[in-house]
file entry32.txt (compact mmCIF, N, CA and C atoms and all ligand atoms)
# COMPACT_ATOMS: atom_id res chain seq x y z
N MET A 1 -8.52 -43.57 -35.16
CA MET A 1 -8.39 -42.17 -35.60
C MET A 1 -9.21 -41.25 -34.72
N LYS A 2 -10.42 -41.67 -34.45
CA LYS A 2 -11.31 -40.88 -33.62
C LYS A 2 -10.67 -40.64 -32.24
N ARG A 3 -10.09 -41.72 -31.74
CA ARG A 3 -9.46 -41.65 -30.42
C ARG A 3 -8.28 -40.67 -30.44
N PHE A 4 -7.54 -40.68 -31.54
CA PHE A 4 -6.39 -39.79 -31.68
C PHE A 4 -6.84 -38.33 -31.66
N LEU A 5 -7.92 -38.05 -32.40
CA LEU A 5 -8.44 -36.68 -32.45
C LEU A 5 -8.88 -36.22 -31.06
N MET A 6 -9.51 -37.14 -30.35
CA MET A 6 -9.97 -36.85 -29.00
C MET A 6 -8.80 -36.48 -28.11
N LEU A 7 -7.71 -37.26 -28.28
CA LEU A 7 -6.51 -37.03 -27.48
C LEU A 7 -5.93 -35.65 -27.78
N VAL A 8 -5.88 -35.31 -29.06
CA VAL A 8 -5.35 -34.00 -29.47
C VAL A 8 -6.21 -32.90 -28.88
N ALA A 9 -7.52 -33.08 -28.98
CA ALA A 9 -8.45 -32.07 -28.47
C ALA A 9 -8.25 -31.88 -26.97
N THR A 10 -8.13 -32.98 -26.26
CA THR A 10 -7.94 -32.92 -24.81
C THR A 10 -6.63 -32.23 -24.46
N SER A 11 -5.57 -32.58 -25.18
CA SER A 11 -4.26 -31.97 -24.91
C SER A 11 -4.31 -30.47 -25.14
N THR A 12 -4.95 -30.07 -26.24
CA THR A 12 -5.05 -28.65 -26.57
C THR A 12 -5.81 -27.91 -25.48
N LEU A 13 -6.87 -28.53 -25.01
CA LEU A 13 -7.68 -27.93 -23.96
C LEU A 13 -6.85 -27.75 -22.69
N LEU A 14 -6.11 -28.79 -22.31
CA LEU A 14 -5.28 -28.74 -21.11
C LEU A 14 -4.21 -27.68 -21.23
N LEU A 15 -3.59 -27.62 -22.40
CA LEU A 15 -2.52 -26.64 -22.64
C LEU A 15 -3.09 -25.22 -22.48
N GLY A 16 -4.28 -25.04 -23.05
CA GLY A 16 -4.93 -23.73 -22.95
C GLY A 16 -5.20 -23.36 -21.51
N LEU A 17 -5.65 -24.33 -20.75
CA LEU A 17 -5.97 -24.11 -19.34
C LEU A 17 -4.72 -23.73 -18.56
N VAL A 18 -3.65 -24.48 -18.79
CA VAL A 18 -2.38 -24.22 -18.10
C VAL A 18 -1.88 -22.83 -18.45
N THR A 19 -1.95 -22.47 -19.73
CA THR A 19 -1.49 -21.16 -20.18
C THR A 19 -2.31 -20.05 -19.51
N ALA A 20 -3.62 -20.28 -19.45
CA ALA A 20 -4.50 -19.28 -18.85
C ALA A 20 -4.16 -19.10 -17.37
N LEU A 21 -3.93 -20.20 -16.69
CA LEU A 21 -3.60 -20.14 -15.26
C LEU A 21 -2.27 -19.44 -15.04
N ALA A 22 -1.29 -19.78 -15.88
CA ALA A 22 0.03 -19.16 -15.77
C ALA A 22 -0.09 -17.66 -16.01
N GLY A 23 -0.92 -17.28 -16.99
CA GLY A 23 -1.13 -15.87 -17.30
C GLY A 23 -1.69 -15.13 -16.12
N CYS A 24 -2.63 -15.74 -15.43
CA CYS A 24 -3.22 -15.13 -14.25
C CYS A 24 -2.16 -14.85 -13.20
N GLY A 25 -1.30 -15.83 -13.00
CA GLY A 25 -0.28 -15.75 -11.97
C GLY A 25 0.63 -14.55 -12.12
N THR A 26 1.04 -14.28 -13.35
CA THR A 26 2.00 -13.20 -13.56
C THR A 26 1.36 -11.84 -13.32
N GLU A 27 0.04 -11.75 -13.46
CA GLU A 27 -0.61 -10.45 -13.29
C GLU A 27 -0.99 -10.20 -11.83
N GLU A 28 -0.83 -11.19 -11.00
CA GLU A 28 -1.19 -11.03 -9.61
C GLU A 28 -0.26 -10.08 -8.89
N ARG A 29 -0.82 -9.14 -8.16
CA ARG A 29 0.00 -8.21 -7.39
C ARG A 29 -0.07 -8.62 -5.93
N PRO A 30 1.00 -8.30 -5.18
CA PRO A 30 0.94 -8.63 -3.75
C PRO A 30 -0.23 -7.91 -3.10
N ALA A 31 -0.88 -8.59 -2.19
CA ALA A 31 -2.03 -8.00 -1.52
C ALA A 31 -1.59 -6.78 -0.73
N PRO A 32 -2.39 -5.71 -0.74
CA PRO A 32 -2.02 -4.53 0.04
C PRO A 32 -2.02 -4.86 1.53
N VAL A 33 -1.17 -4.17 2.23
CA VAL A 33 -1.09 -4.37 3.67
C VAL A 33 -2.38 -3.86 4.30
N ASP A 34 -2.94 -4.65 5.16
CA ASP A 34 -4.19 -4.26 5.80
C ASP A 34 -4.01 -4.33 7.30
N ASP A 35 -4.01 -3.17 7.95
CA ASP A 35 -3.86 -3.18 9.40
C ASP A 35 -5.23 -3.12 10.08
N GLY A 36 -6.28 -3.38 9.31
CA GLY A 36 -7.61 -3.44 9.88
C GLY A 36 -8.31 -2.10 9.95
N VAL A 37 -7.62 -1.04 9.54
CA VAL A 37 -8.23 0.29 9.58
C VAL A 37 -8.54 0.71 8.15
N SER A 38 -9.77 1.15 7.91
CA SER A 38 -10.09 1.65 6.58
C SER A 38 -9.73 3.13 6.54
N ALA A 39 -8.78 3.46 5.66
CA ALA A 39 -8.25 4.82 5.61
C ALA A 39 -9.07 5.70 4.68
N ASP A 40 -9.15 6.97 5.04
CA ASP A 40 -9.79 7.95 4.17
C ASP A 40 -8.77 8.57 3.23
N ALA A 41 -7.50 8.48 3.60
CA ALA A 41 -6.41 8.94 2.74
C ALA A 41 -5.20 8.06 3.00
N THR A 42 -4.47 7.75 1.95
CA THR A 42 -3.29 6.91 2.09
C THR A 42 -2.06 7.65 1.59
N VAL A 43 -1.01 7.61 2.39
CA VAL A 43 0.27 8.21 2.01
C VAL A 43 1.28 7.10 1.84
N GLU A 44 1.93 7.08 0.69
CA GLU A 44 2.98 6.08 0.46
C GLU A 44 4.33 6.68 0.84
N MET A 45 5.15 5.84 1.48
CA MET A 45 6.53 6.21 1.74
C MET A 45 7.33 5.55 0.65
N ARG A 46 7.80 6.36 -0.28
CA ARG A 46 8.42 5.81 -1.49
C ARG A 46 9.53 6.75 -1.93
N GLY A 47 10.70 6.20 -2.19
CA GLY A 47 11.83 7.03 -2.62
C GLY A 47 12.25 8.02 -1.54
N GLN A 48 12.10 7.61 -0.28
CA GLN A 48 12.41 8.45 0.87
C GLN A 48 11.66 9.77 0.82
N MET A 49 10.39 9.68 0.39
CA MET A 49 9.48 10.82 0.39
C MET A 49 8.11 10.34 0.82
N PHE A 50 7.32 11.26 1.38
CA PHE A 50 5.91 10.97 1.62
C PHE A 50 5.15 11.41 0.37
N GLN A 51 4.36 10.46 -0.18
CA GLN A 51 3.65 10.78 -1.42
C GLN A 51 2.17 10.44 -1.27
N PRO A 52 1.26 11.39 -1.40
CA PRO A 52 1.56 12.82 -1.57
C PRO A 52 2.06 13.43 -0.27
N SER A 53 2.80 14.53 -0.38
CA SER A 53 3.40 15.13 0.82
C SER A 53 2.35 15.87 1.64
N THR A 54 1.26 16.26 1.01
CA THR A 54 0.15 16.87 1.76
C THR A 54 -1.13 16.14 1.44
N VAL A 55 -1.85 15.74 2.49
CA VAL A 55 -3.18 15.16 2.28
C VAL A 55 -4.18 15.95 3.12
N THR A 56 -5.38 16.03 2.62
CA THR A 56 -6.44 16.74 3.33
C THR A 56 -7.57 15.77 3.65
N VAL A 57 -7.96 15.75 4.92
CA VAL A 57 -9.08 14.91 5.34
C VAL A 57 -10.02 15.76 6.19
N SER A 58 -11.17 15.24 6.48
CA SER A 58 -12.11 15.91 7.37
C SER A 58 -11.88 15.41 8.79
N ALA A 59 -12.27 16.22 9.76
CA ALA A 59 -12.14 15.82 11.16
C ALA A 59 -12.83 14.48 11.37
N GLY A 60 -12.16 13.59 12.09
CA GLY A 60 -12.71 12.26 12.35
C GLY A 60 -12.28 11.23 11.32
N GLU A 61 -11.55 11.66 10.31
CA GLU A 61 -11.12 10.72 9.27
C GLU A 61 -9.71 10.19 9.56
N THR A 62 -9.38 9.11 8.87
CA THR A 62 -8.15 8.37 9.14
C THR A 62 -7.18 8.45 7.98
N VAL A 63 -5.94 8.71 8.32
CA VAL A 63 -4.86 8.68 7.33
C VAL A 63 -4.02 7.44 7.57
N SER A 64 -3.68 6.76 6.50
CA SER A 64 -2.86 5.57 6.60
C SER A 64 -1.56 5.78 5.82
N TRP A 65 -0.45 5.40 6.43
CA TRP A 65 0.85 5.46 5.76
C TRP A 65 1.30 4.04 5.47
N VAL A 66 1.84 3.82 4.29
CA VAL A 66 2.34 2.51 3.90
C VAL A 66 3.78 2.66 3.42
N ASN A 67 4.67 1.90 3.99
CA ASN A 67 6.08 1.97 3.58
C ASN A 67 6.32 1.09 2.36
N GLU A 68 6.51 1.74 1.22
CA GLU A 68 6.77 1.02 -0.04
C GLU A 68 8.26 0.95 -0.33
N ASP A 69 9.08 1.49 0.57
CA ASP A 69 10.53 1.49 0.38
C ASP A 69 11.15 0.24 1.00
N PRO A 70 12.36 -0.11 0.55
CA PRO A 70 13.05 -1.26 1.16
C PRO A 70 13.73 -0.89 2.48
N VAL A 71 13.64 0.37 2.88
CA VAL A 71 14.30 0.80 4.12
C VAL A 71 13.25 1.18 5.16
N VAL A 72 13.70 1.30 6.40
CA VAL A 72 12.80 1.61 7.52
C VAL A 72 12.48 3.10 7.55
N HIS A 73 11.21 3.42 7.77
CA HIS A 73 10.77 4.80 7.96
C HIS A 73 9.93 4.86 9.23
N ASN A 74 9.61 6.10 9.64
CA ASN A 74 8.60 6.27 10.67
C ASN A 74 7.79 7.52 10.39
N VAL A 75 6.76 7.71 11.17
CA VAL A 75 5.88 8.88 11.04
C VAL A 75 5.80 9.51 12.42
N VAL A 76 6.34 10.72 12.54
CA VAL A 76 6.35 11.39 13.84
C VAL A 76 5.78 12.80 13.68
N GLY A 77 4.68 13.03 14.36
CA GLY A 77 4.04 14.34 14.32
C GLY A 77 3.52 14.70 15.69
N ASP A 78 2.82 15.82 15.75
CA ASP A 78 2.28 16.30 17.02
C ASP A 78 1.04 15.48 17.37
N GLY A 79 1.19 14.56 18.31
CA GLY A 79 0.06 13.76 18.74
C GLY A 79 -0.05 12.40 18.08
N PHE A 80 0.87 12.12 17.20
CA PHE A 80 0.84 10.78 16.57
C PHE A 80 2.26 10.40 16.19
N ASN A 81 2.62 9.17 16.46
CA ASN A 81 3.88 8.67 15.91
C ASN A 81 3.86 7.15 15.83
N SER A 82 4.42 6.68 14.77
CA SER A 82 4.46 5.24 14.51
C SER A 82 5.72 4.66 15.14
N ALA A 83 5.73 3.37 15.23
CA ALA A 83 6.99 2.68 15.51
C ALA A 83 7.81 2.70 14.23
N SER A 84 9.01 2.16 14.28
CA SER A 84 9.79 1.99 13.05
C SER A 84 9.02 1.07 12.11
N MET A 85 8.88 1.50 10.88
CA MET A 85 8.10 0.75 9.91
C MET A 85 9.01 0.13 8.87
N GLY A 86 9.04 -1.18 8.84
CA GLY A 86 9.81 -1.88 7.81
C GLY A 86 9.06 -1.85 6.49
N SER A 87 9.70 -2.38 5.48
CA SER A 87 9.08 -2.42 4.16
C SER A 87 7.75 -3.17 4.22
N GLY A 88 6.71 -2.52 3.70
CA GLY A 88 5.38 -3.14 3.67
C GLY A 88 4.54 -2.86 4.90
N ASP A 89 5.14 -2.29 5.92
CA ASP A 89 4.37 -1.99 7.13
C ASP A 89 3.48 -0.78 6.91
N SER A 90 2.40 -0.71 7.69
CA SER A 90 1.53 0.45 7.59
C SER A 90 1.19 0.96 8.99
N PHE A 91 0.76 2.20 9.01
CA PHE A 91 0.42 2.89 10.26
C PHE A 91 -0.77 3.80 9.95
N SER A 92 -1.71 3.85 10.88
CA SER A 92 -2.89 4.70 10.67
C SER A 92 -3.11 5.60 11.88
N HIS A 93 -3.65 6.77 11.61
CA HIS A 93 -4.03 7.67 12.70
C HIS A 93 -5.31 8.40 12.31
N THR A 94 -6.22 8.49 13.27
CA THR A 94 -7.47 9.21 13.05
C THR A 94 -7.33 10.62 13.63
N PHE A 95 -7.61 11.61 12.81
CA PHE A 95 -7.47 13.02 13.22
C PHE A 95 -8.84 13.57 13.62
N GLU A 96 -8.97 13.84 14.90
CA GLU A 96 -10.27 14.29 15.42
C GLU A 96 -10.43 15.81 15.35
N GLU A 97 -9.30 16.53 15.45
CA GLU A 97 -9.37 17.99 15.54
C GLU A 97 -8.89 18.64 14.25
N PRO A 98 -9.65 19.64 13.75
CA PRO A 98 -9.19 20.37 12.57
C PRO A 98 -7.84 21.06 12.85
N GLY A 99 -7.03 21.18 11.85
CA GLY A 99 -5.75 21.84 12.00
C GLY A 99 -4.78 21.38 10.92
N THR A 100 -3.57 21.90 10.99
CA THR A 100 -2.52 21.51 10.06
C THR A 100 -1.45 20.77 10.85
N TYR A 101 -1.22 19.55 10.48
CA TYR A 101 -0.30 18.69 11.21
C TYR A 101 0.92 18.38 10.34
N ASP A 102 2.04 18.99 10.71
CA ASP A 102 3.29 18.65 10.03
C ASP A 102 3.89 17.42 10.69
N TYR A 103 4.48 16.58 9.91
CA TYR A 103 5.13 15.40 10.48
C TYR A 103 6.39 15.09 9.68
N SER A 104 7.19 14.20 10.18
CA SER A 104 8.41 13.84 9.47
C SER A 104 8.81 12.40 9.79
N CYS A 105 9.74 11.91 9.00
CA CYS A 105 10.43 10.67 9.32
C CYS A 105 11.71 11.09 10.02
N THR A 106 11.85 10.67 11.26
CA THR A 106 13.02 11.13 12.03
C THR A 106 14.31 10.43 11.60
N ILE A 107 14.17 9.40 10.78
CA ILE A 107 15.34 8.66 10.32
C ILE A 107 15.99 9.37 9.13
N HIS A 108 15.16 10.06 8.33
CA HIS A 108 15.65 10.69 7.11
C HIS A 108 15.36 12.18 7.12
N PRO A 109 16.37 12.98 7.45
CA PRO A 109 16.17 14.44 7.47
C PRO A 109 15.63 14.93 6.12
N GLY A 110 14.65 15.78 6.18
CA GLY A 110 14.07 16.32 4.95
C GLY A 110 12.89 15.52 4.44
N MET A 111 12.61 14.39 5.09
CA MET A 111 11.46 13.58 4.68
C MET A 111 10.27 14.03 5.52
N ASN A 112 9.51 14.98 4.95
CA ASN A 112 8.44 15.64 5.70
C ASN A 112 7.11 15.55 4.97
N GLY A 113 6.04 15.66 5.73
CA GLY A 113 4.71 15.69 5.14
C GLY A 113 3.76 16.51 6.00
N THR A 114 2.59 16.74 5.46
CA THR A 114 1.59 17.53 6.16
C THR A 114 0.21 16.88 6.00
N VAL A 115 -0.52 16.83 7.10
CA VAL A 115 -1.92 16.42 7.05
C VAL A 115 -2.76 17.65 7.39
N VAL A 116 -3.65 18.02 6.50
CA VAL A 116 -4.56 19.13 6.76
C VAL A 116 -5.91 18.52 7.12
N VAL A 117 -6.42 18.87 8.27
CA VAL A 117 -7.72 18.39 8.73
C VAL A 117 -8.68 19.56 8.73
N ASP A 118 -9.73 19.46 7.91
CA ASP A 118 -10.67 20.60 7.85
C ASP A 118 -12.04 20.19 8.34
CU CU B 201 12.44 7.63 6.47
call {"tool": "encode", "arguments": {"input": "entry32.txt", "output": "structure tokens", "more": "lines below"}}
Ligand SMILES: [Cu+2]
result
Amino acid sequence: MKRFLMLVATSTLLLGLVTALAGCGTEERPAPVDDGVSADATVEMRGQMFQPSTVTVSAGETVSWVNEDPVVHNVVGDGFNSASMGSGDSFSHTFEEPGTYDYSCTIHPGMNGTVVVD
């Protein structure tokens, strides 16, 4: 009898452990894309829009764009442009000079954004 109880206790413990591990797994999110640059502002490309469409950083700071869409985008502005960015790709640019930088995705007309550097 004692042995049986031990077996039940062990099984319950194992089941709990497995359930806990499975629970962890479902809450795991894919790791963010890291291109090695620590960004001061991040713009998501989502729903064929830049979100947020305007970001403000200080001179010398870095803006990072991440493509969260299933389609290819790019970032083309005055003095900076990315290659074609597939889903999950990221691109960063450091803005040294104060000013207002309009940019767009040349693949999708109307997909525009602005970086304000103060
Ligand atoms: Cu685009």
call {"tool": "residues_around", "arguments": {"input": "entry32.txt", "residues": "Thr54 in chain A", "least_positions_apart": "6", "cutoff": "9 Å", "atoms": "only C-alpha atoms", "output": "VMD selection string"}}
result
chain A and resid 43 113 to 116
call {"tool": "closest_atom_pairs", "arguments": {"input": "entry32.txt", "of": "chain A", "to": "ligand CU 201 (chain B)", "cutoff": "6 Å", "atoms": "only C-alpha atoms and all ligand atoms", "output": "Markdown table"}}
result
| residue | atom | partner | partner_atom | distance |
| --- | --- | --- | --- | --- |
| A:Gln48 | CA | B:CU201 | CU | 5.7 |
| A:His73 | CA | B:CU201 | CU | 3.6 |
| A:Asn74 | CA | B:CU201 | CU | 5.9 |
| A:Cys105 | CA | B:CU201 | CU | 4.6 |
| A:Ile107 | CA | B:CU201 | CU | 4.9 |
| A:His108 | CA | B:CU201 | CU | 4.5 |
call {"tool": "residues_around", "arguments": {"input": "entry32.txt", "residues": "Gly79 in chain A", "least_positions_apart": "4", "cutoff": "10 Å", "atoms": "only C-alpha atoms", "output": "ChimeraX atom specification"}}
result
/A:93,95,101,103
call {"tool": "residues_around", "arguments": {"input": "entry32.txt", "residues": "Asp69 in chain A", "least_positions_apart": "5", "cutoff": "6 Å", "atoms": "only N, CA and C atoms", "output": "list in words"}}
result
Met45, Arg46, Gly47, Ser87 and Gly88 of chain A
call {"tool": "atom_distance", "arguments": {"input": "entry32.txt", "atom1": "CA of Ser90 in chain A", "atom2": "CA of Gly60 in chain A"}}
result
19.1 Å
call {"tool": "closest_residue", "arguments": {"input": "entry32.txt", "among": "A:Asn81, A:Ser53, A:Asn112, A:Ser92", "to": "Trp65 in chain A", "atoms": "all atoms listed in the file"}}
result
A:Ser92
call {"tool": "residues_near_point", "arguments": {"input": "entry32.txt", "point": "(-8.3, 24.2, 9.9)", "cutoff": "7 Å", "atoms": "only N, CA and C atoms", "output": "count of residues only"}}
result
6
call {"tool": "closest_residue", "arguments": {"input": "entry32.txt", "among": "A:Asp102, A:Pro109, A:Glu68, A:Asp89", "to": "Glu44 in chain A", "atoms": "all atoms listed in the file"}}
result
A:Glu68
call {"tool": "closest_residue", "arguments": {"input": "entry32.txt", "among": "A:Met111, A:Asp78, A:Asp40, A:Met85", "to": "Val66 in chain A", "atoms": "only C-alpha atoms"}}
result
A:Met85
call {"tool": "atom_distance", "arguments": {"input": "entry32.txt", "atom1": "CA of Glu96 in chain A", "atom2": "atom C of Pro52 in chain A"}}
result
20.0 Å
call {"tool": "residues_around", "arguments": {"input": "entry32.txt", "residues": "Thr94 in chain A", "least_positions_apart": "6", "cutoff": "6.5 Å", "atoms": "all atoms listed in the file", "output": "VMD selection string"}}
result
chain A and resid 60 to 63
call {"tool": "atom_distance", "arguments": {"input": "entry32.txt", "atom1": "CA of Pro70 in chain A", "atom2": "atom C of Val57 in chain A"}}
result
29.1 Å
call {"tool": "closest_residue", "arguments": {"input": "entry32.txt", "among": "A:Thr106, A:Ser38, A:Glu97, A:Ser58", "to": "Ser82 in chain A", "atoms": "only C-alpha atoms"}}
result
A:Thr106
